[in-house]
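Working notes for the structure below.
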Amino acid sequence: MSETDFSQQPVNTHTKGLGPLRAGARMGDIREQGWNILREDVSLPVAVLLEERIEHNLAWMREFIQRYQLKLAPHGKTTMSPELYQMQLEFGAWGITLATPPQVSAAFAHGVRKIIMANQLVGKGNMAIIAGLMRADTAFDFTCIVDSAENADALGHYFSSRQLKLRVMFEYGIAGGRTGIRTEQQEADVLAAVKRWPQSLALVGVELYEGVSNDEAVIRGFLRHVMARTEALAEAGEFAEPRVILTGAGSAWFDVVAEELTRKETHLDAEKRYTLDIILRSGCYVTHDVGTYQAALERMQTSNPVAREMNSSLQPALQVWAAVQSLPEPGRAIIALGKRDAGYDAGYPKAAGHFRPRSATQAGYTTVVPAPDDWKVFAMMDQHAFMSIPEGADLKVGDMLVFDICHPCLTFDKWRHLLLVNEQWDVTGAVTTWF
């Protein structure tokens with residue numbers, strides 16, 4: 001990734017989660033404002049990234065992939081934040097994974113030049129985006145996936161007409177799951193289609209996504225099947241490049257993927273004509289969460305020897321601050337936080353901290369105190385969260401609550417800016433999103 005000066009990018013001053021800024025403000029100006037969350041210098045709700053935890057998570061994953069001698073292309077759709085991509089690359093990521101051509105275009109515009117699109121490239125409009133990027137920079141290292149002869153033929157025809165060669169990978173899938181080749185006949189059909197377009201298609205590797213299953217035995221069997229098919233294709237000389245990509249891993253089972261795909265020697269045949277580049281694609285590690293991925297981490301730290309030896313864990317680094325808006329009846333608090341502000345598909349936000357600002361009529365807190373476990377969000381509307389509290393709970397209108405998140409992907413996409421904060425809740429900068 002070429003270095004991008006994010007400080008000079010303009011700030012959208014008409015979006016949420018910011019303090020007062022002059023018209024024409026740049027991203028670099030945010031650090032200079034001296035804002036502090038607890039002083040109510042910014043509008044609530046506000047999404048924040050705890051910078052110490054972000055750096056911890058980046059370092060944790062760097063050590064994990066180094067111990068397995070793997071590469072990492074974290075899935076950028078999690079954050080769609082070029083500033084975070086740059087941090088991930090600085091901490092050893094090989095490249096960035098994305099899901100759609102517009103996402104690829106956004107990353108390219110911010111200097112990312114090694115991209116796996118872990119999705120099929122379908123439709124001329126989408127193909128045109130990728131072709132345009134390939135022409136804009138001949139050093140652009142782009143790969144997408146195919147799982148049908150129809151798609152391979154469409155890609156071959158389109159990129160042949162543009163006199164470009166597209167690098168593709170076979171995708172394998174689990175029966176009853178999402179995309180991906182299921183049978184030997186499908187594999188043979190896709191291979192034949194790729195071979196029909198030698199001038200415009202190059203088969204360079206194999207991709208899989210194991211996260212459609214929650215059964216570890218099924219996942220391990222699937223990984224071993226894909227490894228066997230990769231070896232067979234390599235031994236038959238079907239790959240166009242000597243370094244063969246084998247890539248998998250969402251954010252829940254990346255330890256199992258690492259274990260299974262490193263069981264084999266990296267040289268695939270006796271003549272050592274092929275070398276395997278195993279690339280993990282986990283994206284949510286950068287912020288982690290307190291829901292699905294926390295449960296996956298707990299499983300990992302029990303069963304994975306590398307995770308155990310590292311003697312540390314990923315930490316939730318994405319939080320949302322919001323104000324108590326109303327206490328309309330005993331046992332119920334209404335929080336000014338809604339579906340427009342935080343993901344809720346994998347679990348409602350969890351109150352982590354409570355702060356009472358000083359006011360003209362009451363003393364405030366000097367620091368954030370832990371929120372009681374029995375303060376629970378049980379429903380959300382567009383701009384409101386319903387939270388159950390015990391009768392007599394020490395909670396007042398205007399109090400501030402900080403929430404941990406159960407699904408980072410569907411929280412990032414609700415914010416155009418997220419503020420970076422230190423342990424004192426000082427705002428030290430911001431990152432943008434490009435959804």
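Every chain in the structure tokens takes a letter, A first, then B, and so on in the order presented; its residues are numbered from 1, and the ligands are numbered from 1 following the presented order.
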- Task: Using DSSP on the backbone, list every residue of region 228-336 of chain A that comes out as strand (DSSP E), and give them as a ChimeraX atom specification.
- Result: /A:243-248,275-280,318-329,332-335
_Residue contacts of region 17-33 of chain A (12 Å, only C-alpha atoms) excluding same-chain residues fewer than 5 positions away, as number ranges by chain_ = A: 5-12, 39-48, 83, 320-322, 337, 341, 414-422, 426-432
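Minimum atom-to-atom distance to Ala149 (chain A), evaluated using only C-alpha atoms, belongs to A:Gly180 out of A:Gly180, A:Gly132, A:Gly205, A:Gly173.
Within 12 Å of Gln362 (chain A), once only C-alpha atoms are used and residues closer than 4 positions along the same chain are dropped, the contacting residues are Arg356, Pro357, Arg358, Lys396, Val397, Gly398 and Asp399 of chain A.
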Per DSSP on the backbone, filter region 75-137 of chain A down to the residues in alpha helix (DSSP H) and report them as number ranges by chain.
A: 82-90, 101-109, 124-136
One residue among A:Leu223, A:Ala323, A:Met117, A:Ile37 is nearest to Cys144 (chain A) when using only C-alpha atoms, and that residue is A:Met117
Using only C-alpha atoms, the residue out of A:Gly95, A:Gly343, A:Gly291, A:Gly156 with shortest distance to Pro74 (chain A) is A:Gly95
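Each of A:Glu63, A:Glu52, A:Asp413, A:Asp153 was compared to Gly92 (chain A) using only C-alpha atoms, and A:Glu63 turns out to be the nearest.
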Nearby residues (only C-alpha atoms) at most 8 Å from Arg332 (chain A), same-chain spacing under 3 positions excluded, as a PyMOL selection string: chain A and resi 327-329+386-389
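The smallest atom-to-atom distance between Gly392 (chain A) and any of A:Met61, A:Ala99, A:Ala333, A:Val190, using only C-alpha atoms, is found for A:Ala333.
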Close residues, Gln294 (chain A) itself excluded, 12 Å, only C-alpha atoms, min 5 positions apart in chain, as a ChimeraX atom specification: /A:251-253,284-285,287-289,299-301,313-316,346,404-408
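Nearest to Leu72 (chain A) of all the residues A:Ala139, A:Ala258, A:Val104, A:Ala363 is A:Ala258, based on only C-alpha atoms.
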Here CA of Ile174 (chain A) and CA of Glu207 (chain A) stand apart by 12.3 Å
Exercise. Using only C-alpha atoms, determine which residues lie at most 7 Å from region 248-250 of chain A, disregarding the query and same-chain residues fewer than 4 positions distant; provide the list as JSON, numbers by chain.
Key: {"A": [207, 208, 209, 210, 211, 254, 257, 279, 280, 281, 282]}
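In this model, the gap between CA of Arg220 (chain A) and CA of Val256 (chain A) comes to 7.2 Å.
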Write out as a PyMOL selection string which residues come within 6 Å of Thr78 (chain A) when counting only C-alpha atoms, dropping same-chain ones fewer than 2 positions away.
chain A and resi 76+283+409
